[in-house]
Amino acid sequence: MTSTAAPAPAVIEPWQPGQPHAELAADVRWWLGSPLSLGLFGRLALDQVAYRPVAAAVDRSGRFQENFTDRGIRSLTYGMLMLFGDEADRRFDTEELKRLHAAVKGTGNGEFADTRFSALDPDLWKWIAVSGLNVLYRGYLAVCGRDLDAEEQEVVYQTTRWMLSYLELPSARAKLPETLADMEVYYDRVAEECLADNAFLQYADDSFDSLPVPALLPRRLQGLVAPLWQLVTPLALRVPKVLGQRHAHPKMRELLDIRSTPVTRLEYALYLKASQLAWRYLPRAVVLDPLAYNRYRYERLRSTYHGVQLDSFAA
């Protein structure tokens with residue numbers, strides 16, 4: 001199958017050094033390369049399966065029920081390949097993502113037997129892309145540690161949009177919203193017109209409270225880590241649950257019956273502060289995905305090497 005997808009953007013900063021907000025844009029870019037971004041705020045992506053055709057498609061695939069931990073690992077690693085791989089790899093993986101999704105079409109099972117879906121439907125594809133963009137955008141606003149003004153919020157959005165532009169299909173209907181205001185209007189419209197409760201949404205929300213041991217691990221290692229995994233993960237998953245619930249869209253708060261209590265407000269304050277400190281002070285080697293850190297080190301070395309070059313070879 002020959003794809004007509006738009007080419008992936010080059011791996012360069014959208015705001016170059018010396019331009020306004022260049023430091024902020026760079027920080028946003030590395031946030032997209034941190035497992036913290038999805039690890040802490042990934043539950044915001046539950047809005048995807050509140051869109052009925054998406055729920056029908058994910059339910060039909062069976063991979064969520066099979067082992068959602070594996071699915072999350074694959075999504076994270078695929079994202080890093082497309083965000084921080086070299087240009088040739090990024091172009092290949094972008095095309096491959098769309099090629100693989102071409103097979104995701106048909107009619108749902110059970111509750112969704114009346115629902116047809118096609119992953120490459122521009123409207124469906126755009127919603128998934130905007131949902132992912134929203135997760136990263138909202139997460140950064142929370143962990144950056146200060147209140148950003150309107151211009152800075154636009155920089156956060158535009159940097160995230162630029163990094164995710166590989167997700168766009170050729171159709172104008174699948175283009176990412178051009179401005180933050182456009183994105184908010186689009187999200188509110190879809191939330192009002194398309195998002196609704198369904199059995200898979202509730203199942204997915206409950207499933208996030210206790211994830212299975214990754215089947216991607218060697219079988220013998222699975223047995224060794226299982227007792228500790230079962231003990232630690234329900235406690236660790238409380239953090240993204242509280243953070244995600246606080247930043248969920250009002251429509252999602254309604255669908256998931258999210259209620260704020262004094263306990264959850266206290267938890268949120270503690271978890272958020274810990275997340276902010278982790279992002280601001282832990283070494284990049286700790287908070288970045290290995291592939292993103294490899295790009296981070298390369299760009300720092302590149303800058304150092306450029307710094308010792310001459311401005312002119314003239315006599």
# chains A, B, ... in the order shown; residues from 1 in each chain; ligands from 1
$ residues_around --residues "segment 260-276 of chain A" --least-positions-apart "5" --cutoff "7 Å" --atoms "only C-alpha atoms" --output "PDB file with N, CA and C atoms, in the first residue's frame"
ATOM      1  N   VAL A 143       3.192  20.461  35.188  1.00  0.00           N
ATOM      2  CA  VAL A 143       4.499  20.182  35.785  1.00  0.00           C
ATOM      3  C   VAL A 143       5.514  21.309  35.618  1.00  0.00           C
ATOM      4  N   CYS A 144       5.215  22.300  34.787  1.00  0.00           N
ATOM      5  CA  CYS A 144       6.225  23.348  34.560  1.00  0.00           C
ATOM      6  C   CYS A 144       6.501  24.161  35.814  1.00  0.00           C
ATOM      7  N   GLY A 145       5.569  24.156  36.769  1.00  0.00           N
ATOM      8  CA  GLY A 145       5.863  24.756  38.070  1.00  0.00           C
ATOM      9  C   GLY A 145       5.519  26.227  38.205  1.00  0.00           C
ATOM     10  N   VAL A 239      -1.229   7.735  41.608  1.00  0.00           N
ATOM     11  CA  VAL A 239      -0.729   9.072  41.239  1.00  0.00           C
ATOM     12  C   VAL A 239      -1.324   9.527  39.909  1.00  0.00           C
ATOM     13  N   VAL A 242      -5.164  10.341  40.205  1.00  0.00           N
ATOM     14  CA  VAL A 242      -5.536  11.611  40.826  1.00  0.00           C
ATOM     15  C   VAL A 242      -5.179  12.787  39.925  1.00  0.00           C
ATOM     16  N   LEU A 243      -3.988  12.745  39.317  1.00  0.00           N
ATOM     17  CA  LEU A 243      -3.577  13.830  38.423  1.00  0.00           C
ATOM     18  C   LEU A 243      -4.490  13.905  37.203  1.00  0.00           C
TER      19      LEU A 243
END
$ residues_around --residues "Val28 of chain A" --least-positions-apart "4" --cutoff "7 Å" --atoms "only C-alpha atoms" --output "PyMOL selection string"
chain A and resi 24+32+140+156+159
$ select_by_dssp --residues "segment 18-212 of chain A" --states "helix (DSSP H, G or I)" --output "number ranges by chain"
A: 22-31, 35-50, 52-61, 63-84, 87-101, 110-112, 122-143, 150-163, 165-167, 172-174, 180-193, 199-207
$ residues_around --residues "Asp27 of chain A" --least-positions-apart "5" --cutoff "12 Å" --atoms "only C-alpha atoms" --output "tab-separated table (two decimals) with C-alpha atoms, in the first residue's frame"
chain	number	residue	atom	x	y	z
A	13	GLU	CA	13.77	23.07	17.47
A	14	PRO	CA	10.76	25.09	16.26
A	15	TRP	CA	12.10	28.03	18.29
A	21	HIS	CA	10.53	31.66	24.51
A	22	ALA	CA	13.20	29.39	22.99
A	32	LEU	CA	7.47	14.91	25.08
A	33	GLY	CA	10.52	12.66	25.37
A	34	SER	CA	9.87	11.78	29.01
A	140	TYR	CA	3.29	20.25	30.75
A	141	LEU	CA	1.14	23.11	32.06
A	143	VAL	CA	4.50	20.18	35.79
A	144	CYS	CA	6.22	23.35	34.56
A	155	VAL	CA	4.23	28.37	22.72
A	156	VAL	CA	3.57	25.15	24.65
A	159	THR	CA	5.70	23.18	20.17
A	160	THR	CA	3.59	20.13	20.97
A	279	TRP	CA	10.87	17.21	36.17
A	280	ARG	CA	12.80	20.29	37.25
A	284	ARG	CA	17.81	14.31	32.07
A	288	LEU	CA	14.05	11.11	29.53
A	296	TYR	CA	19.50	15.34	23.95
$ closest_residue --among "A:Arg173, A:Arg219, A:Arg189, A:Arg60" --to "Phe112 of chain A" --atoms "only C-alpha atoms"
A:Arg60
$ closest_atom_pairs --of "segment 148-255 of chain A" --to "segment 48-57 of chain A" --cutoff "10 Å" --atoms "only C-alpha atoms" --output "Markdown table"
| residue | atom | partner | partner_atom | distance |
| --- | --- | --- | --- | --- |
| A:Val190 | CA | A:Tyr51 | CA | 8.6 |
| A:Ala191 | CA | A:Tyr51 | CA | 8.6 |
| A:Glu193 | CA | A:Tyr51 | CA | 9.7 |
| A:Cys194 | CA | A:Tyr51 | CA | 5.9 |
| A:Leu195 | CA | A:Tyr51 | CA | 4.9 |
| A:Ala196 | CA | A:Ala50 | CA | 5.4 |
| A:Asp197 | CA | A:Ala50 | CA | 6.1 |
| A:Asn198 | CA | A:Ala50 | CA | 6.9 |
| A:Ala199 | CA | A:Ala55 | CA | 8.9 |
| A:Phe200 | CA | A:Ala55 | CA | 6.3 |
| A:Leu201 | CA | A:Val49 | CA | 5.6 |
| A:Gln202 | CA | A:Ala50 | CA | 9.2 |
| A:Ala204 | CA | A:Val49 | CA | 8.3 |
| A:Asp205 | CA | A:Val49 | CA | 9.9 |
| A:Lys251 | CA | A:Ala50 | CA | 9.8 |
| A:Met252 | CA | A:Ala50 | CA | 8.1 |
| A:Leu255 | CA | A:Ala50 | CA | 8.4 |
$ write_last_selection --atoms "N, CA, C and O atoms" --output "PDB file, in the first residue's frame"
ATOM      1  N   VAL A 190     -16.399  18.426  20.028  1.00  0.00           N
ATOM      2  CA  VAL A 190     -16.439  16.965  19.997  1.00  0.00           C
ATOM      3  C   VAL A 190     -16.975  16.416  21.322  1.00  0.00           C
ATOM      4  O   VAL A 190     -17.774  15.473  21.336  1.00  0.00           O
ATOM      5  N   ALA A 191     -16.550  17.020  22.427  1.00  0.00           N
ATOM      6  CA  ALA A 191     -17.030  16.562  23.737  1.00  0.00           C
ATOM      7  C   ALA A 191     -18.540  16.678  23.834  1.00  0.00           C
ATOM      8  O   ALA A 191     -19.219  15.768  24.338  1.00  0.00           O
ATOM      9  N   GLU A 193     -20.775  16.922  21.247  1.00  0.00           N
ATOM     10  CA  GLU A 193     -21.539  16.233  20.211  1.00  0.00           C
ATOM     11  C   GLU A 193     -21.272  14.727  20.145  1.00  0.00           C
ATOM     12  O   GLU A 193     -22.154  13.974  19.714  1.00  0.00           O
ATOM     13  N   CYS A 194     -20.073  14.285  20.558  1.00  0.00           N
ATOM     14  CA  CYS A 194     -19.679  12.902  20.258  1.00  0.00           C
ATOM     15  C   CYS A 194     -19.332  12.041  21.466  1.00  0.00           C
ATOM     16  O   CYS A 194     -19.430  10.812  21.372  1.00  0.00           O
ATOM     17  N   LEU A 195     -18.882  12.625  22.561  1.00  0.00           N
ATOM     18  CA  LEU A 195     -18.439  11.808  23.683  1.00  0.00           C
ATOM     19  C   LEU A 195     -19.632  11.348  24.514  1.00  0.00           C
ATOM     20  O   LEU A 195     -20.518  12.137  24.842  1.00  0.00           O
ATOM     21  N   ALA A 196     -19.639  10.072  24.843  1.00  0.00           N
ATOM     22  CA  ALA A 196     -20.751   9.500  25.597  1.00  0.00           C
ATOM     23  C   ALA A 196     -20.268   8.270  26.351  1.00  0.00           C
ATOM     24  O   ALA A 196     -19.245   7.665  26.009  1.00  0.00           O
ATOM     25  N   ASP A 197     -21.005   7.893  27.350  1.00  0.00           N
ATOM     26  CA  ASP A 197     -20.648   6.722  28.144  1.00  0.00           C
ATOM     27  C   ASP A 197     -20.822   5.455  27.313  1.00  0.00           C
ATOM     28  O   ASP A 197     -21.677   5.376  26.431  1.00  0.00           O
ATOM     29  N   ASN A 198     -19.974   4.472  27.595  1.00  0.00           N
ATOM     30  CA  ASN A 198     -20.144   3.149  27.005  1.00  0.00           C
ATOM     31  C   ASN A 198     -19.427   2.149  27.908  1.00  0.00           C
ATOM     32  O   ASN A 198     -18.614   2.530  28.762  1.00  0.00           O
ATOM     33  N   ALA A 199     -19.724   0.880  27.736  1.00  0.00           N
ATOM     34  CA  ALA A 199     -19.184  -0.150  28.622  1.00  0.00           C
ATOM     35  C   ALA A 199     -17.665  -0.229  28.542  1.00  0.00           C
ATOM     36  O   ALA A 199     -16.989  -0.474  29.551  1.00  0.00           O
ATOM     37  N   PHE A 200     -17.114  -0.014  27.358  1.00  0.00           N
ATOM     38  CA  PHE A 200     -15.665  -0.129  27.233  1.00  0.00           C
ATOM     39  C   PHE A 200     -14.960   1.016  27.945  1.00  0.00           C
ATOM     40  O   PHE A 200     -13.895   0.822  28.534  1.00  0.00           O
ATOM     41  N   LEU A 201     -15.524   2.203  27.907  1.00  0.00           N
ATOM     42  CA  LEU A 201     -14.946   3.333  28.639  1.00  0.00           C
ATOM     43  C   LEU A 201     -14.845   3.012  30.125  1.00  0.00           C
ATOM     44  O   LEU A 201     -13.796   3.235  30.748  1.00  0.00           O
ATOM     45  N   GLN A 202     -15.900   2.477  30.709  1.00  0.00           N
ATOM     46  CA  GLN A 202     -15.880   2.158  32.132  1.00  0.00           C
ATOM     47  C   GLN A 202     -14.911   1.013  32.420  1.00  0.00           C
ATOM     48  O   GLN A 202     -14.197   1.029  33.439  1.00  0.00           O
ATOM     49  N   ALA A 204     -12.181   0.330  30.679  1.00  0.00           N
ATOM     50  CA  ALA A 204     -10.825   0.864  30.559  1.00  0.00           C
ATOM     51  C   ALA A 204     -10.455   1.679  31.788  1.00  0.00           C
ATOM     52  O   ALA A 204      -9.337   1.580  32.311  1.00  0.00           O
ATOM     53  N   ASP A 205     -11.384   2.483  32.285  1.00  0.00           N
ATOM     54  CA  ASP A 205     -11.114   3.291  33.472  1.00  0.00           C
ATOM     55  C   ASP A 205     -10.795   2.404  34.666  1.00  0.00           C
ATOM     56  O   ASP A 205      -9.838   2.657  35.407  1.00  0.00           O
ATOM     57  N   LYS A 251     -16.617  17.238  30.503  1.00  0.00           N
ATOM     58  CA  LYS A 251     -17.441  16.165  29.964  1.00  0.00           C
ATOM     59  C   LYS A 251     -16.955  14.807  30.442  1.00  0.00           C
ATOM     60  O   LYS A 251     -17.756  13.938  30.801  1.00  0.00           O
ATOM     61  N   MET A 252     -15.635  14.627  30.497  1.00  0.00           N
ATOM     62  CA  MET A 252     -15.085  13.363  30.968  1.00  0.00           C
ATOM     63  C   MET A 252     -15.292  13.206  32.473  1.00  0.00           C
ATOM     64  O   MET A 252     -15.523  12.091  32.956  1.00  0.00           O
ATOM     65  N   LEU A 255     -18.755  11.870  32.668  1.00  0.00           N
ATOM     66  CA  LEU A 255     -18.914  10.481  32.217  1.00  0.00           C
ATOM     67  C   LEU A 255     -18.292   9.491  33.191  1.00  0.00           C
ATOM     68  O   LEU A 255     -18.799   8.374  33.358  1.00  0.00           O
TER      69      LEU A 255
END
$ closest_residue --among "A:Leu76, A:Ala215, A:Val130, A:Leu38" --to "Glu184 of chain A" --atoms "only C-alpha atoms"
A:Val130
$ atom_distance --atom1 "atom CA of Leu100 of chain A" --atom2 "atom CA of Leu44 of chain A"
24.4 Å
$ select_by_dssp --residues "segment 77-196 of chain A" --states "strand (DSSP E)" --output "mmCIF file with N, CA and C atoms, in the first residue's frame"
data_model
loop_
_atom_site.group_PDB
_atom_site.id
_atom_site.type_symbol
_atom_site.label_atom_id
_atom_site.label_comp_id
_atom_site.auth_asym_id
_atom_site.auth_seq_id
_atom_site.Cartn_x
_atom_site.Cartn_y
_atom_site.Cartn_z
ATOM 1 N N LYS A 105 -10.506 -1.480 10.493
ATOM 2 C CA LYS A 105 -11.797 -1.035 9.972
ATOM 3 C C LYS A 105 -12.776 -2.197 10.059
ATOM 4 N N GLY A 106 -14.049 -1.863 10.125
ATOM 5 C CA GLY A 106 -15.057 -2.905 10.211
ATOM 6 C C GLY A 106 -16.210 -2.490 11.103
ATOM 7 N N THR A 107 -16.785 -3.472 11.783
ATOM 8 C CA THR A 107 -17.918 -3.248 12.672
ATOM 9 C C THR A 107 -17.596 -3.836 14.032
ATOM 10 N N ARG A 116 -19.807 1.165 12.979
ATOM 11 C CA ARG A 116 -18.746 0.961 12.000
ATOM 12 C C ARG A 116 -17.597 1.911 12.307
ATOM 13 N N PHE A 117 -16.388 1.477 11.967
ATOM 14 C CA PHE A 117 -15.217 2.304 12.244
ATOM 15 C C PHE A 117 -14.155 2.092 11.174
ATOM 16 N N SER A 118 -13.344 3.094 10.996
ATOM 17 C CA SER A 118 -12.168 3.024 10.133
ATOM 18 C C SER A 118 -11.136 3.961 10.720
#
$ residues_around --residues "Ala174 of chain A" --least-positions-apart "3" --cutoff "8 Å" --atoms "only C-alpha atoms" --output "PyMOL selection string"
chain A and resi 122-123+125-126+168-171
$ residues_around --residues "Asp93 of chain A" --least-positions-apart "3" --cutoff "10 Å" --atoms "only C-alpha atoms" --output "MDAnalysis selection string"
chainID A and resid 8 78:79 81:83 85 87:90 96:99 166
$ closest_residue --among "A:Arg138, A:His101, A:Arg253, A:Arg29" --to "Leu120 of chain A" --atoms "only C-alpha atoms"
A:His101
